[in-house]
Structure formats: C-alpha cells, structure tokens
>>> print(open('run_21.cif').read())   # mmCIF, N, CA and C atoms
data_query
#
loop_
_atom_site.label_atom_id
_atom_site.label_comp_id
_atom_site.auth_asym_id
_atom_site.auth_seq_id
_atom_site.Cartn_x
_atom_site.Cartn_y
_atom_site.Cartn_z
N MET F 1 -0.31 28.74 -22.71
CA MET F 1 -0.38 27.44 -23.34
C MET F 1 -0.65 26.39 -22.26
N LYS F 2 -1.56 25.49 -22.55
CA LYS F 2 -1.94 24.46 -21.59
C LYS F 2 -0.92 23.33 -21.59
N ASN F 3 -0.59 22.83 -20.41
CA ASN F 3 0.35 21.73 -20.27
C ASN F 3 -0.35 20.44 -20.69
N THR F 4 0.22 19.74 -21.68
CA THR F 4 -0.41 18.51 -22.17
C THR F 4 0.32 17.26 -21.74
N ASN F 5 1.30 17.38 -20.87
CA ASN F 5 2.03 16.22 -20.37
C ASN F 5 1.08 15.36 -19.54
N PHE F 6 1.07 14.07 -19.80
CA PHE F 6 0.14 13.15 -19.13
C PHE F 6 0.43 13.02 -17.64
N PHE F 7 1.69 12.99 -17.28
CA PHE F 7 2.06 12.71 -15.89
C PHE F 7 2.10 13.96 -15.02
N ARG F 8 2.09 15.11 -15.61
CA ARG F 8 2.10 16.34 -14.83
C ARG F 8 0.85 17.13 -15.14
N SER F 9 0.14 17.47 -14.10
CA SER F 9 -1.05 18.27 -14.32
C SER F 9 -0.66 19.74 -14.41
N PRO F 10 -1.48 20.54 -15.07
CA PRO F 10 -1.16 21.96 -15.14
C PRO F 10 -1.22 22.59 -13.74
N ARG F 11 -0.60 23.71 -13.60
CA ARG F 11 -0.62 24.39 -12.29
C ARG F 11 -2.06 24.64 -11.86
N GLN F 12 -2.33 24.28 -10.61
CA GLN F 12 -3.67 24.43 -10.10
C GLN F 12 -3.65 25.32 -8.87
N ASP F 13 -4.79 25.87 -8.58
CA ASP F 13 -4.89 26.63 -7.35
C ASP F 13 -5.10 25.67 -6.19
N GLU F 14 -5.22 26.21 -5.01
CA GLU F 14 -5.34 25.37 -3.82
C GLU F 14 -6.59 24.50 -3.85
N MET F 15 -7.70 25.03 -4.32
CA MET F 15 -8.93 24.26 -4.37
C MET F 15 -8.80 23.11 -5.38
N GLY F 16 -8.17 23.34 -6.52
CA GLY F 16 -7.97 22.29 -7.51
C GLY F 16 -7.09 21.16 -6.97
N ARG F 17 -6.04 21.53 -6.25
CA ARG F 17 -5.17 20.51 -5.65
C ARG F 17 -5.90 19.72 -4.58
N HIS F 18 -6.73 20.41 -3.81
CA HIS F 18 -7.50 19.74 -2.76
C HIS F 18 -8.49 18.74 -3.37
N ILE F 19 -9.16 19.15 -4.44
CA ILE F 19 -10.10 18.25 -5.12
C ILE F 19 -9.36 17.06 -5.70
N LEU F 20 -8.21 17.28 -6.32
CA LEU F 20 -7.41 16.19 -6.88
C LEU F 20 -6.97 15.23 -5.78
N LEU F 21 -6.51 15.77 -4.66
CA LEU F 21 -6.07 14.92 -3.55
C LEU F 21 -7.22 14.09 -2.99
N LEU F 22 -8.39 14.70 -2.84
CA LEU F 22 -9.54 13.95 -2.33
C LEU F 22 -9.99 12.86 -3.30
N SER F 23 -9.96 13.16 -4.60
CA SER F 23 -10.37 12.14 -5.56
C SER F 23 -9.36 10.99 -5.60
N GLN F 24 -8.08 11.29 -5.48
CA GLN F 24 -7.07 10.22 -5.42
C GLN F 24 -7.23 9.40 -4.15
N ARG F 25 -7.53 10.05 -3.04
CA ARG F 25 -7.75 9.35 -1.77
C ARG F 25 -8.95 8.41 -1.88
N ASN F 26 -10.04 8.91 -2.47
CA ASN F 26 -11.23 8.07 -2.63
C ASN F 26 -10.96 6.87 -3.53
N GLY F 27 -10.22 7.07 -4.60
CA GLY F 27 -9.85 5.96 -5.48
C GLY F 27 -8.98 4.94 -4.76
N TYR F 28 -8.02 5.43 -3.98
CA TYR F 28 -7.13 4.54 -3.23
C TYR F 28 -7.92 3.74 -2.19
N LEU F 29 -8.82 4.40 -1.47
CA LEU F 29 -9.63 3.68 -0.48
C LEU F 29 -10.52 2.64 -1.13
N PHE F 30 -11.08 2.97 -2.30
CA PHE F 30 -11.92 2.00 -3.01
C PHE F 30 -11.10 0.78 -3.41
N LEU F 31 -9.91 1.01 -3.99
CA LEU F 31 -9.08 -0.11 -4.40
C LEU F 31 -8.63 -0.96 -3.22
N MET F 32 -8.23 -0.32 -2.13
CA MET F 32 -7.78 -1.08 -0.96
C MET F 32 -8.93 -1.88 -0.35
N SER F 33 -10.11 -1.29 -0.26
CA SER F 33 -11.24 -2.04 0.30
C SER F 33 -11.67 -3.18 -0.62
N THR F 34 -11.61 -2.96 -1.92
CA THR F 34 -11.94 -4.03 -2.87
C THR F 34 -10.94 -5.17 -2.77
N LEU F 35 -9.65 -4.84 -2.67
CA LEU F 35 -8.64 -5.89 -2.51
C LEU F 35 -8.80 -6.62 -1.18
N ALA F 36 -9.17 -5.90 -0.12
CA ALA F 36 -9.37 -6.56 1.17
C ALA F 36 -10.55 -7.53 1.11
N VAL F 37 -11.65 -7.11 0.48
CA VAL F 37 -12.81 -8.00 0.34
C VAL F 37 -12.44 -9.22 -0.51
N TRP F 38 -11.72 -9.00 -1.59
CA TRP F 38 -11.29 -10.11 -2.45
C TRP F 38 -10.38 -11.06 -1.68
N THR F 39 -9.48 -10.53 -0.87
CA THR F 39 -8.59 -11.37 -0.07
C THR F 39 -9.37 -12.21 0.92
N PHE F 40 -10.34 -11.59 1.62
CA PHE F 40 -11.14 -12.36 2.57
C PHE F 40 -12.00 -13.40 1.87
N TYR F 41 -12.52 -13.07 0.69
CA TYR F 41 -13.30 -14.05 -0.07
C TYR F 41 -12.44 -15.25 -0.47
N GLU F 42 -11.24 -14.98 -0.96
CA GLU F 42 -10.34 -16.07 -1.34
C GLU F 42 -9.97 -16.92 -0.13
N SER F 43 -9.74 -16.30 1.01
CA SER F 43 -9.42 -17.04 2.23
C SER F 43 -10.59 -17.91 2.66
N TRP F 44 -11.80 -17.35 2.60
CA TRP F 44 -12.98 -18.12 2.96
C TRP F 44 -13.15 -19.31 2.01
N ARG F 45 -12.91 -19.07 0.71
CA ARG F 45 -13.05 -20.13 -0.28
C ARG F 45 -12.06 -21.26 -0.02
N VAL F 46 -10.86 -20.93 0.40
CA VAL F 46 -9.84 -21.94 0.68
C VAL F 46 -10.26 -22.79 1.87
N PHE F 47 -10.72 -22.14 2.93
CA PHE F 47 -11.06 -22.89 4.14
C PHE F 47 -12.41 -23.57 4.05
N ALA F 48 -13.37 -23.00 3.36
CA ALA F 48 -14.71 -23.59 3.30
C ALA F 48 -14.80 -24.70 2.26
N HIS F 49 -14.17 -24.51 1.12
CA HIS F 49 -14.32 -25.46 0.02
C HIS F 49 -13.04 -26.20 -0.32
N ARG F 50 -12.00 -25.99 0.44
CA ARG F 50 -10.69 -26.61 0.18
C ARG F 50 -10.23 -26.33 -1.26
N ALA F 51 -10.51 -25.12 -1.70
CA ALA F 51 -10.09 -24.71 -3.05
C ALA F 51 -8.62 -24.33 -3.03
N ARG F 52 -8.09 -24.17 -4.20
CA ARG F 52 -6.69 -23.79 -4.32
C ARG F 52 -6.53 -22.32 -3.94
N LEU F 53 -5.44 -21.99 -3.29
CA LEU F 53 -5.19 -20.63 -2.81
C LEU F 53 -4.83 -19.71 -3.97
N ASN F 54 -5.54 -18.60 -4.08
CA ASN F 54 -5.23 -17.54 -5.04
C ASN F 54 -4.55 -16.42 -4.27
N ILE F 55 -3.26 -16.27 -4.47
CA ILE F 55 -2.48 -15.33 -3.68
C ILE F 55 -2.43 -13.93 -4.28
N VAL F 56 -2.99 -13.74 -5.47
CA VAL F 56 -2.91 -12.44 -6.17
C VAL F 56 -3.52 -11.30 -5.35
N PRO F 57 -4.74 -11.41 -4.81
CA PRO F 57 -5.28 -10.26 -4.07
C PRO F 57 -4.47 -9.92 -2.83
N CYS F 58 -3.97 -10.92 -2.16
CA CYS F 58 -3.15 -10.68 -0.97
C CYS F 58 -1.84 -9.98 -1.33
N LEU F 59 -1.22 -10.42 -2.42
CA LEU F 59 0.01 -9.77 -2.87
C LEU F 59 -0.23 -8.33 -3.28
N LEU F 60 -1.31 -8.08 -4.01
CA LEU F 60 -1.62 -6.72 -4.43
C LEU F 60 -1.93 -5.82 -3.24
N LEU F 61 -2.68 -6.34 -2.28
CA LEU F 61 -3.01 -5.57 -1.08
C LEU F 61 -1.77 -5.26 -0.27
N SER F 62 -0.91 -6.25 -0.08
CA SER F 62 0.33 -6.05 0.68
C SER F 62 1.26 -5.07 -0.04
N ALA F 63 1.39 -5.23 -1.36
CA ALA F 63 2.26 -4.34 -2.12
C ALA F 63 1.76 -2.90 -2.08
N ALA F 64 0.45 -2.71 -2.19
CA ALA F 64 -0.09 -1.35 -2.14
C ALA F 64 0.14 -0.71 -0.77
N ALA F 65 -0.03 -1.49 0.30
CA ALA F 65 0.20 -0.95 1.64
C ALA F 65 1.67 -0.60 1.86
N VAL F 66 2.57 -1.45 1.38
CA VAL F 66 4.00 -1.19 1.54
C VAL F 66 4.41 0.03 0.71
N VAL F 67 3.94 0.11 -0.52
CA VAL F 67 4.29 1.26 -1.37
C VAL F 67 3.77 2.55 -0.75
N GLN F 68 2.55 2.52 -0.23
CA GLN F 68 1.99 3.72 0.40
C GLN F 68 2.80 4.13 1.62
N SER F 69 3.19 3.18 2.45
CA SER F 69 3.98 3.48 3.65
C SER F 69 5.36 4.02 3.30
N VAL F 70 6.03 3.38 2.35
CA VAL F 70 7.36 3.82 1.95
C VAL F 70 7.28 5.20 1.29
N SER F 71 6.28 5.41 0.46
CA SER F 71 6.11 6.69 -0.20
C SER F 71 5.85 7.81 0.81
N GLN F 72 5.00 7.54 1.77
CA GLN F 72 4.70 8.54 2.80
C GLN F 72 5.95 8.87 3.61
N THR F 73 6.72 7.86 3.96
CA THR F 73 7.95 8.09 4.72
C THR F 73 8.96 8.88 3.90
N ALA F 74 9.12 8.54 2.63
CA ALA F 74 10.07 9.25 1.78
C ALA F 74 9.66 10.70 1.55
N LEU F 75 8.37 10.93 1.30
CA LEU F 75 7.90 12.29 1.09
C LEU F 75 8.01 13.13 2.35
N THR F 76 7.74 12.53 3.49
CA THR F 76 7.89 13.25 4.76
C THR F 76 9.35 13.59 5.00
N ARG F 77 10.21 12.66 4.73
CA ARG F 77 11.64 12.91 4.93
C ARG F 77 12.14 14.01 3.99
N ARG F 78 11.67 14.00 2.74
CA ARG F 78 12.09 15.03 1.80
C ARG F 78 11.55 16.40 2.22
N ALA F 79 10.34 16.43 2.77
CA ALA F 79 9.73 17.70 3.17
C ALA F 79 10.44 18.34 4.35
N VAL F 80 11.00 17.52 5.23
CA VAL F 80 11.66 18.07 6.43
C VAL F 80 13.16 17.92 6.36
N ARG F 81 13.70 17.82 5.17
CA ARG F 81 15.14 17.60 5.00
C ARG F 81 15.98 18.69 5.67
N GLY F 82 15.66 19.95 5.51
CA GLY F 82 16.46 21.03 6.06
C GLY F 82 16.11 21.41 7.48
N ASP F 83 15.01 20.88 8.00
CA ASP F 83 14.56 21.25 9.34
C ASP F 83 15.28 20.42 10.38
N GLU F 84 16.02 21.08 11.27
CA GLU F 84 16.80 20.36 12.28
C GLU F 84 15.92 19.73 13.34
N GLU F 85 14.80 20.36 13.66
CA GLU F 85 13.94 19.85 14.73
C GLU F 85 13.04 18.70 14.26
N ALA F 86 12.76 18.65 12.98
CA ALA F 86 11.76 17.69 12.49
C ALA F 86 12.29 16.27 12.40
N GLY F 87 13.48 16.08 11.87
CA GLY F 87 13.95 14.73 11.63
C GLY F 87 15.04 14.32 12.60
N ASP F 88 14.97 13.08 13.04
CA ASP F 88 16.02 12.58 13.93
C ASP F 88 16.68 11.33 13.34
N GLY F 89 16.49 11.07 12.05
CA GLY F 89 17.19 9.98 11.39
C GLY F 89 16.56 8.62 11.53
N ARG F 90 15.31 8.53 11.94
CA ARG F 90 14.67 7.24 12.12
C ARG F 90 13.97 6.73 10.86
N ALA F 91 13.90 7.52 9.83
CA ALA F 91 13.16 7.13 8.62
C ALA F 91 13.71 5.86 7.97
N PRO F 92 15.03 5.71 7.78
CA PRO F 92 15.51 4.46 7.16
C PRO F 92 15.20 3.24 8.02
N ARG F 93 15.29 3.38 9.31
CA ARG F 93 14.95 2.25 10.19
C ARG F 93 13.47 1.92 10.10
N LEU F 94 12.64 2.95 9.97
CA LEU F 94 11.20 2.73 9.85
C LEU F 94 10.87 1.99 8.56
N VAL F 95 11.52 2.36 7.47
CA VAL F 95 11.29 1.67 6.19
C VAL F 95 11.70 0.20 6.30
N LEU F 96 12.86 -0.04 6.89
CA LEU F 96 13.31 -1.43 7.07
C LEU F 96 12.37 -2.20 7.99
N LEU F 97 11.86 -1.55 9.01
CA LEU F 97 10.92 -2.20 9.91
C LEU F 97 9.63 -2.56 9.18
N ILE F 98 9.13 -1.65 8.37
CA ILE F 98 7.90 -1.91 7.61
C ILE F 98 8.11 -3.07 6.65
N LEU F 99 9.21 -3.04 5.92
CA LEU F 99 9.49 -4.13 4.98
C LEU F 99 9.70 -5.45 5.70
N GLY F 100 10.36 -5.43 6.84
CA GLY F 100 10.58 -6.65 7.60
C GLY F 100 9.28 -7.24 8.12
N VAL F 101 8.42 -6.38 8.66
CA VAL F 101 7.13 -6.86 9.16
C VAL F 101 6.28 -7.42 8.03
N ALA F 102 6.30 -6.75 6.87
CA ALA F 102 5.54 -7.25 5.73
C ALA F 102 6.07 -8.60 5.27
N ALA F 103 7.40 -8.76 5.25
CA ALA F 103 7.99 -10.03 4.83
C ALA F 103 7.66 -11.15 5.81
N VAL F 104 7.74 -10.87 7.10
CA VAL F 104 7.43 -11.88 8.11
C VAL F 104 5.95 -12.26 8.04
N ALA F 105 5.08 -11.26 7.89
CA ALA F 105 3.65 -11.55 7.81
C ALA F 105 3.33 -12.39 6.58
N ALA F 106 3.95 -12.06 5.45
CA ALA F 106 3.72 -12.85 4.24
C ALA F 106 4.22 -14.27 4.39
N THR F 107 5.37 -14.43 5.03
CA THR F 107 5.93 -15.77 5.24
C THR F 107 5.04 -16.60 6.16
N VAL F 108 4.57 -16.00 7.25
CA VAL F 108 3.71 -16.72 8.19
C VAL F 108 2.39 -17.10 7.52
N CYS F 109 1.81 -16.17 6.78
CA CYS F 109 0.55 -16.46 6.09
C CYS F 109 0.71 -17.57 5.06
N ALA F 110 1.80 -17.53 4.32
CA ALA F 110 2.04 -18.58 3.32
C ALA F 110 2.27 -19.93 3.99
N ALA F 111 3.02 -19.94 5.09
CA ALA F 111 3.28 -21.19 5.80
C ALA F 111 1.99 -21.79 6.37
N VAL F 112 1.15 -20.94 6.96
CA VAL F 112 -0.11 -21.42 7.52
C VAL F 112 -1.01 -21.93 6.40
N ALA F 113 -1.06 -21.21 5.30
CA ALA F 113 -1.91 -21.64 4.18
C ALA F 113 -1.44 -22.97 3.61
N LEU F 114 -0.14 -23.13 3.46
CA LEU F 114 0.38 -24.40 2.94
C LEU F 114 0.21 -25.53 3.93
N TRP F 115 0.26 -25.23 5.23
CA TRP F 115 0.10 -26.27 6.23
C TRP F 115 -1.36 -26.71 6.34
N VAL F 116 -2.29 -25.75 6.26
CA VAL F 116 -3.71 -26.06 6.41
C VAL F 116 -4.29 -26.68 5.14
N VAL F 117 -3.95 -26.14 3.99
CA VAL F 117 -4.49 -26.60 2.72
C VAL F 117 -3.51 -27.59 2.11
N LYS F 118 -3.91 -28.83 2.10
CA LYS F 118 -3.05 -29.86 1.53
C LYS F 118 -3.54 -30.20 0.13
N PRO F 119 -2.64 -30.20 -0.84
CA PRO F 119 -3.07 -30.45 -2.24
C PRO F 119 -3.55 -31.86 -2.47
#
>>> encode(input="run_21.cif", output="structure tokens")
Amino acid sequence: MKNTNFFRSPRQDEMGRHILLLSQRNGYLFLMSTLAVWTFYESWRVFAHRARLNIVPCLLLSAAAVVQSVSQTALTRRAVRGDEEAGDGRAPRLVLLILGVAAVAATVCAAVALWVVKP
C-alpha cells in the first residue's frame, strides 16, 4: 500500500533520496537568491529614491538563514548524540551565538536605515 501522508514521503531508495535532497537544495538556493536580490533592490530604492523601507525581504532572508543554521546544528547534534568523540557540548553555545549575531545585525541595520532615511 502506498503511503499517502502529505508530510512523509514513501520509503525511497538511495537514488530517490539523493534526487529529493538535490531538488530541495535547488529550491532553497533559488529562494535565498531571490530574497537576496529583493533585499538589495529594496535597499537601493531606499537610498536612491528616498522611498520608504520595506523590511519584509530582509526579515524573510534573515529568518530563513537562522532557521537553516539552527536546523543544521540540531540535526547534527541528534546524529552524533551517542558518539563520544563527535560532540563536545558546543552546539547550544553555537545556536545562541548565531541568534545573537542575527539580532545584533538586524538591530544595526534597522538603526542605520532609520538614521539615514528620514520620514
């Protein structure tokens, strides 16, 4: 019987998983590059035409990067949970560091944008 659950794909062989992983990677790269171009366009529009700042593409780009980093760290930690040589307990600090850097970068960018663009 074929698995019809939307969120779980049926069991696949190694080639099927590899194809799925590559297609997901290509979709992710397309979305990230599109958001990056949109972010740069909005930034150019703000500085060139003194238009109002649209923060949506920047927020989406930052959120996608943070989710990807946290997900990769969590999956890596889960994969090496029982291995004594693999993990040394730095994963929670790495997650906090990533979140802290993202928060500081967002704060600095917002402050610069508000300082440069006067309503």
>>> atom_distance(input="run_21.cif", atom1="atom N of Leu59 (chain F)", atom2="CA of Thr39 (chain F)")
7.8 Å
>>> atom_distance(input="run_21.cif", atom1="atom N of Gln12 (chain F)", atom2="atom C of Arg77 (chain F)")
23.0 Å
>>> closest_residue(input="run_21.cif", among="F:His18, F:Arg78, F:Arg11, F:Arg50", to="Val117 (chain F)", atoms="all atoms listed in the file")
F:Arg50
>>> closest_residue(input="run_21.cif", among="F:Ala48, F:Ile98, F:Ala106, F:Leu53", to="Ser71 (chain F)", atoms="only C-alpha atoms")
F:Ile98
>>> resolve_selection(input="run_21.cif", expression="the PyMOL selection byres (((chain F and resi 31-33 and name CA) around 12) and name CA)", output="JSON, numbers by chain")
{"F": [24, 25, 26, 27, 28, 29, 30, 34, 35, 36, 37, 38, 39, 40, 57, 58, 59, 60, 61, 62, 63, 64, 65, 68]}
>>> write_last_selection(input="run_21.cif", atoms="N, CA and C atoms", output="mmCIF file, in the frame of the given file")
data_model
loop_
_atom_site.group_PDB
_atom_site.id
_atom_site.type_symbol
_atom_site.label_atom_id
_atom_site.label_comp_id
_atom_site.auth_asym_id
_atom_site.auth_seq_id
_atom_site.Cartn_x
_atom_site.Cartn_y
_atom_site.Cartn_z
ATOM 1 N N GLN F 24 -8.080 11.290 -5.480
ATOM 2 C CA GLN F 24 -7.070 10.220 -5.420
ATOM 3 C C GLN F 24 -7.230 9.400 -4.150
ATOM 4 N N ARG F 25 -7.530 10.050 -3.040
ATOM 5 C CA ARG F 25 -7.750 9.350 -1.770
ATOM 6 C C ARG F 25 -8.950 8.410 -1.880
ATOM 7 N N ASN F 26 -10.040 8.910 -2.470
ATOM 8 C CA ASN F 26 -11.230 8.070 -2.630
ATOM 9 C C ASN F 26 -10.960 6.870 -3.530
ATOM 10 N N GLY F 27 -10.220 7.070 -4.600
ATOM 11 C CA GLY F 27 -9.850 5.960 -5.480
ATOM 12 C C GLY F 27 -8.980 4.940 -4.760
ATOM 13 N N TYR F 28 -8.020 5.430 -3.980
ATOM 14 C CA TYR F 28 -7.130 4.540 -3.230
ATOM 15 C C TYR F 28 -7.920 3.740 -2.190
ATOM 16 N N LEU F 29 -8.820 4.400 -1.470
ATOM 17 C CA LEU F 29 -9.630 3.680 -0.480
ATOM 18 C C LEU F 29 -10.520 2.640 -1.130
ATOM 19 N N PHE F 30 -11.080 2.970 -2.300
ATOM 20 C CA PHE F 30 -11.920 2.000 -3.010
ATOM 21 C C PHE F 30 -11.100 0.780 -3.410
ATOM 22 N N THR F 34 -11.610 -2.960 -1.920
ATOM 23 C CA THR F 34 -11.940 -4.030 -2.870
ATOM 24 C C THR F 34 -10.940 -5.170 -2.770
ATOM 25 N N LEU F 35 -9.650 -4.840 -2.670
ATOM 26 C CA LEU F 35 -8.640 -5.890 -2.510
ATOM 27 C C LEU F 35 -8.800 -6.620 -1.180
ATOM 28 N N ALA F 36 -9.170 -5.900 -0.120
ATOM 29 C CA ALA F 36 -9.370 -6.560 1.170
ATOM 30 C C ALA F 36 -10.550 -7.530 1.110
ATOM 31 N N VAL F 37 -11.650 -7.110 0.480
ATOM 32 C CA VAL F 37 -12.810 -8.000 0.340
ATOM 33 C C VAL F 37 -12.440 -9.220 -0.510
ATOM 34 N N TRP F 38 -11.720 -9.000 -1.590
ATOM 35 C CA TRP F 38 -11.290 -10.110 -2.450
ATOM 36 C C TRP F 38 -10.380 -11.060 -1.680
ATOM 37 N N THR F 39 -9.480 -10.530 -0.870
ATOM 38 C CA THR F 39 -8.590 -11.370 -0.070
ATOM 39 C C THR F 39 -9.370 -12.210 0.920
ATOM 40 N N PHE F 40 -10.340 -11.590 1.620
ATOM 41 C CA PHE F 40 -11.140 -12.360 2.570
ATOM 42 C C PHE F 40 -12.000 -13.400 1.870
ATOM 43 N N PRO F 57 -4.740 -11.410 -4.810
ATOM 44 C CA PRO F 57 -5.280 -10.260 -4.070
ATOM 45 C C PRO F 57 -4.470 -9.920 -2.830
ATOM 46 N N CYS F 58 -3.970 -10.920 -2.160
ATOM 47 C CA CYS F 58 -3.150 -10.680 -0.970
ATOM 48 C C CYS F 58 -1.840 -9.980 -1.330
ATOM 49 N N LEU F 59 -1.220 -10.420 -2.420
ATOM 50 C CA LEU F 59 0.010 -9.770 -2.870
ATOM 51 C C LEU F 59 -0.230 -8.330 -3.280
ATOM 52 N N LEU F 60 -1.310 -8.080 -4.010
ATOM 53 C CA LEU F 60 -1.620 -6.720 -4.430
ATOM 54 C C LEU F 60 -1.930 -5.820 -3.240
ATOM 55 N N LEU F 61 -2.680 -6.340 -2.280
ATOM 56 C CA LEU F 61 -3.010 -5.570 -1.080
ATOM 57 C C LEU F 61 -1.770 -5.260 -0.270
ATOM 58 N N SER F 62 -0.910 -6.250 -0.080
ATOM 59 C CA SER F 62 0.330 -6.050 0.680
ATOM 60 C C SER F 62 1.260 -5.070 -0.040
ATOM 61 N N ALA F 63 1.390 -5.230 -1.360
ATOM 62 C CA ALA F 63 2.260 -4.340 -2.120
ATOM 63 C C ALA F 63 1.760 -2.900 -2.080
ATOM 64 N N ALA F 64 0.450 -2.710 -2.190
ATOM 65 C CA ALA F 64 -0.090 -1.350 -2.140
ATOM 66 C C ALA F 64 0.140 -0.710 -0.770
ATOM 67 N N ALA F 65 -0.030 -1.490 0.300
ATOM 68 C CA ALA F 65 0.200 -0.950 1.640
ATOM 69 C C ALA F 65 1.670 -0.600 1.860
ATOM 70 N N GLN F 68 2.550 2.520 -0.230
ATOM 71 C CA GLN F 68 1.990 3.720 0.400
ATOM 72 C C GLN F 68 2.800 4.130 1.620
#
>>> atom_distance(input="run_21.cif", atom1="atom C of Leu94 (chain F)", atom2="atom C of Arg81 (chain F)")
17.7 Å
>>> select_by_dssp(input="run_21.cif", residues="region 14-102 of chain F", states="helix (DSSP H, G or I)", output="ChimeraX atom specification")
/F:14-49,56-79,91-102
>>> closest_atom_pairs(input="run_21.cif", of="region 30-105 of chain F", to="region 109-113 of chain F", cutoff="12 Å", atoms="only C-alpha atoms", output="JSON lines")
{"residue": "F:Glu42", "atom": "CA", "partner": "F:Ala113", "partner_atom": "CA", "distance": 11.5}
{"residue": "F:Ser43", "atom": "CA", "partner": "F:Ala113", "partner_atom": "CA", "distance": 9.0}
{"residue": "F:Trp44", "atom": "CA", "partner": "F:Ala113", "partner_atom": "CA", "distance": 11.7}
{"residue": "F:Val46", "atom": "CA", "partner": "F:Ala113", "partner_atom": "CA", "distance": 8.7}
{"residue": "F:Phe47", "atom": "CA", "partner": "F:Ala113", "partner_atom": "CA", "distance": 9.2}
{"residue": "F:Arg50", "atom": "CA", "partner": "F:Ala113", "partner_atom": "CA", "distance": 10.9}
{"residue": "F:Ala51", "atom": "CA", "partner": "F:Ala113", "partner_atom": "CA", "distance": 11.3}
{"residue": "F:Arg52", "atom": "CA", "partner": "F:Ala113", "partner_atom": "CA", "distance": 10.0}
{"residue": "F:Leu53", "atom": "CA", "partner": "F:Ala113", "partner_atom": "CA", "distance": 7.8}
{"residue": "F:Asn54", "atom": "CA", "partner": "F:Ala113", "partner_atom": "CA", "distance": 10.6}
{"residue": "F:Ile55", "atom": "CA", "partner": "F:Ala110", "partner_atom": "CA", "distance": 8.9}
{"residue": "F:Cys58", "atom": "CA", "partner": "F:Cys109", "partner_atom": "CA", "distance": 9.8}
{"residue": "F:Leu59", "atom": "CA", "partner": "F:Ala110", "partner_atom": "CA", "distance": 11.0}
{"residue": "F:Ser62", "atom": "CA", "partner": "F:Cys109", "partner_atom": "CA", "distance": 11.7}
{"residue": "F:Ala102", "atom": "CA", "partner": "F:Cys109", "partner_atom": "CA", "distance": 10.5}
{"residue": "F:Ala103", "atom": "CA", "partner": "F:Cys109", "partner_atom": "CA", "distance": 9.9}
{"residue": "F:Val104", "atom": "CA", "partner": "F:Cys109", "partner_atom": "CA", "distance": 8.5}
{"residue": "F:Ala105", "atom": "CA", "partner": "F:Cys109", "partner_atom": "CA", "distance": 6.1}
>>> write_last_selection(input="run_21.cif", atoms="N, CA and C atoms", output="PDB file, keeping the file's coordinate frame")
ATOM      1  N   GLU F  42     -11.240 -14.980  -0.960  1.00  0.00           N
ATOM      2  CA  GLU F  42     -10.340 -16.070  -1.340  1.00  0.00           C
ATOM      3  C   GLU F  42      -9.970 -16.920  -0.130  1.00  0.00           C
ATOM      4  N   SER F  43      -9.740 -16.300   1.010  1.00  0.00           N
ATOM      5  CA  SER F  43      -9.420 -17.040   2.230  1.00  0.00           C
ATOM      6  C   SER F  43     -10.590 -17.910   2.660  1.00  0.00           C
ATOM      7  N   TRP F  44     -11.800 -17.350   2.600  1.00  0.00           N
ATOM      8  CA  TRP F  44     -12.980 -18.120   2.960  1.00  0.00           C
ATOM      9  C   TRP F  44     -13.150 -19.310   2.010  1.00  0.00           C
ATOM     10  N   VAL F  46     -10.860 -20.930   0.400  1.00  0.00           N
ATOM     11  CA  VAL F  46      -9.840 -21.940   0.680  1.00  0.00           C
ATOM     12  C   VAL F  46     -10.260 -22.790   1.870  1.00  0.00           C
ATOM     13  N   PHE F  47     -10.720 -22.140   2.930  1.00  0.00           N
ATOM     14  CA  PHE F  47     -11.060 -22.890   4.140  1.00  0.00           C
ATOM     15  C   PHE F  47     -12.410 -23.570   4.050  1.00  0.00           C
ATOM     16  N   ARG F  50     -12.000 -25.990   0.440  1.00  0.00           N
ATOM     17  CA  ARG F  50     -10.690 -26.610   0.180  1.00  0.00           C
ATOM     18  C   ARG F  50     -10.230 -26.330  -1.260  1.00  0.00           C
ATOM     19  N   ALA F  51     -10.510 -25.120  -1.700  1.00  0.00           N
ATOM     20  CA  ALA F  51     -10.090 -24.710  -3.050  1.00  0.00           C
ATOM     21  C   ALA F  51      -8.620 -24.330  -3.030  1.00  0.00           C
ATOM     22  N   ARG F  52      -8.090 -24.170  -4.200  1.00  0.00           N
ATOM     23  CA  ARG F  52      -6.690 -23.790  -4.320  1.00  0.00           C
ATOM     24  C   ARG F  52      -6.530 -22.320  -3.940  1.00  0.00           C
ATOM     25  N   LEU F  53      -5.440 -21.990  -3.290  1.00  0.00           N
ATOM     26  CA  LEU F  53      -5.190 -20.630  -2.810  1.00  0.00           C
ATOM     27  C   LEU F  53      -4.830 -19.710  -3.970  1.00  0.00           C
ATOM     28  N   ASN F  54      -5.540 -18.600  -4.080  1.00  0.00           N
ATOM     29  CA  ASN F  54      -5.230 -17.540  -5.040  1.00  0.00           C
ATOM     30  C   ASN F  54      -4.550 -16.420  -4.270  1.00  0.00           C
ATOM     31  N   ILE F  55      -3.260 -16.270  -4.470  1.00  0.00           N
ATOM     32  CA  ILE F  55      -2.480 -15.330  -3.680  1.00  0.00           C
ATOM     33  C   ILE F  55      -2.430 -13.930  -4.280  1.00  0.00           C
ATOM     34  N   CYS F  58      -3.970 -10.920  -2.160  1.00  0.00           N
ATOM     35  CA  CYS F  58      -3.150 -10.680  -0.970  1.00  0.00           C
ATOM     36  C   CYS F  58      -1.840  -9.980  -1.330  1.00  0.00           C
ATOM     37  N   LEU F  59      -1.220 -10.420  -2.420  1.00  0.00           N
ATOM     38  CA  LEU F  59       0.010  -9.770  -2.870  1.00  0.00           C
ATOM     39  C   LEU F  59      -0.230  -8.330  -3.280  1.00  0.00           C
ATOM     40  N   SER F  62      -0.910  -6.250  -0.080  1.00  0.00           N
ATOM     41  CA  SER F  62       0.330  -6.050   0.680  1.00  0.00           C
ATOM     42  C   SER F  62       1.260  -5.070  -0.040  1.00  0.00           C
ATOM     43  N   ALA F 102       6.300  -6.750   6.870  1.00  0.00           N
ATOM     44  CA  ALA F 102       5.540  -7.250   5.730  1.00  0.00           C
ATOM     45  C   ALA F 102       6.070  -8.600   5.270  1.00  0.00           C
ATOM     46  N   ALA F 103       7.400  -8.760   5.250  1.00  0.00           N
ATOM     47  CA  ALA F 103       7.990 -10.030   4.830  1.00  0.00           C
ATOM     48  C   ALA F 103       7.660 -11.150   5.810  1.00  0.00           C
ATOM     49  N   VAL F 104       7.740 -10.870   7.100  1.00  0.00           N
ATOM     50  CA  VAL F 104       7.430 -11.880   8.110  1.00  0.00           C
ATOM     51  C   VAL F 104       5.950 -12.260   8.040  1.00  0.00           C
ATOM     52  N   ALA F 105       5.080 -11.260   7.890  1.00  0.00           N
ATOM     53  CA  ALA F 105       3.650 -11.550   7.810  1.00  0.00           C
ATOM     54  C   ALA F 105       3.330 -12.390   6.580  1.00  0.00           C
TER      55      ALA F 105
END
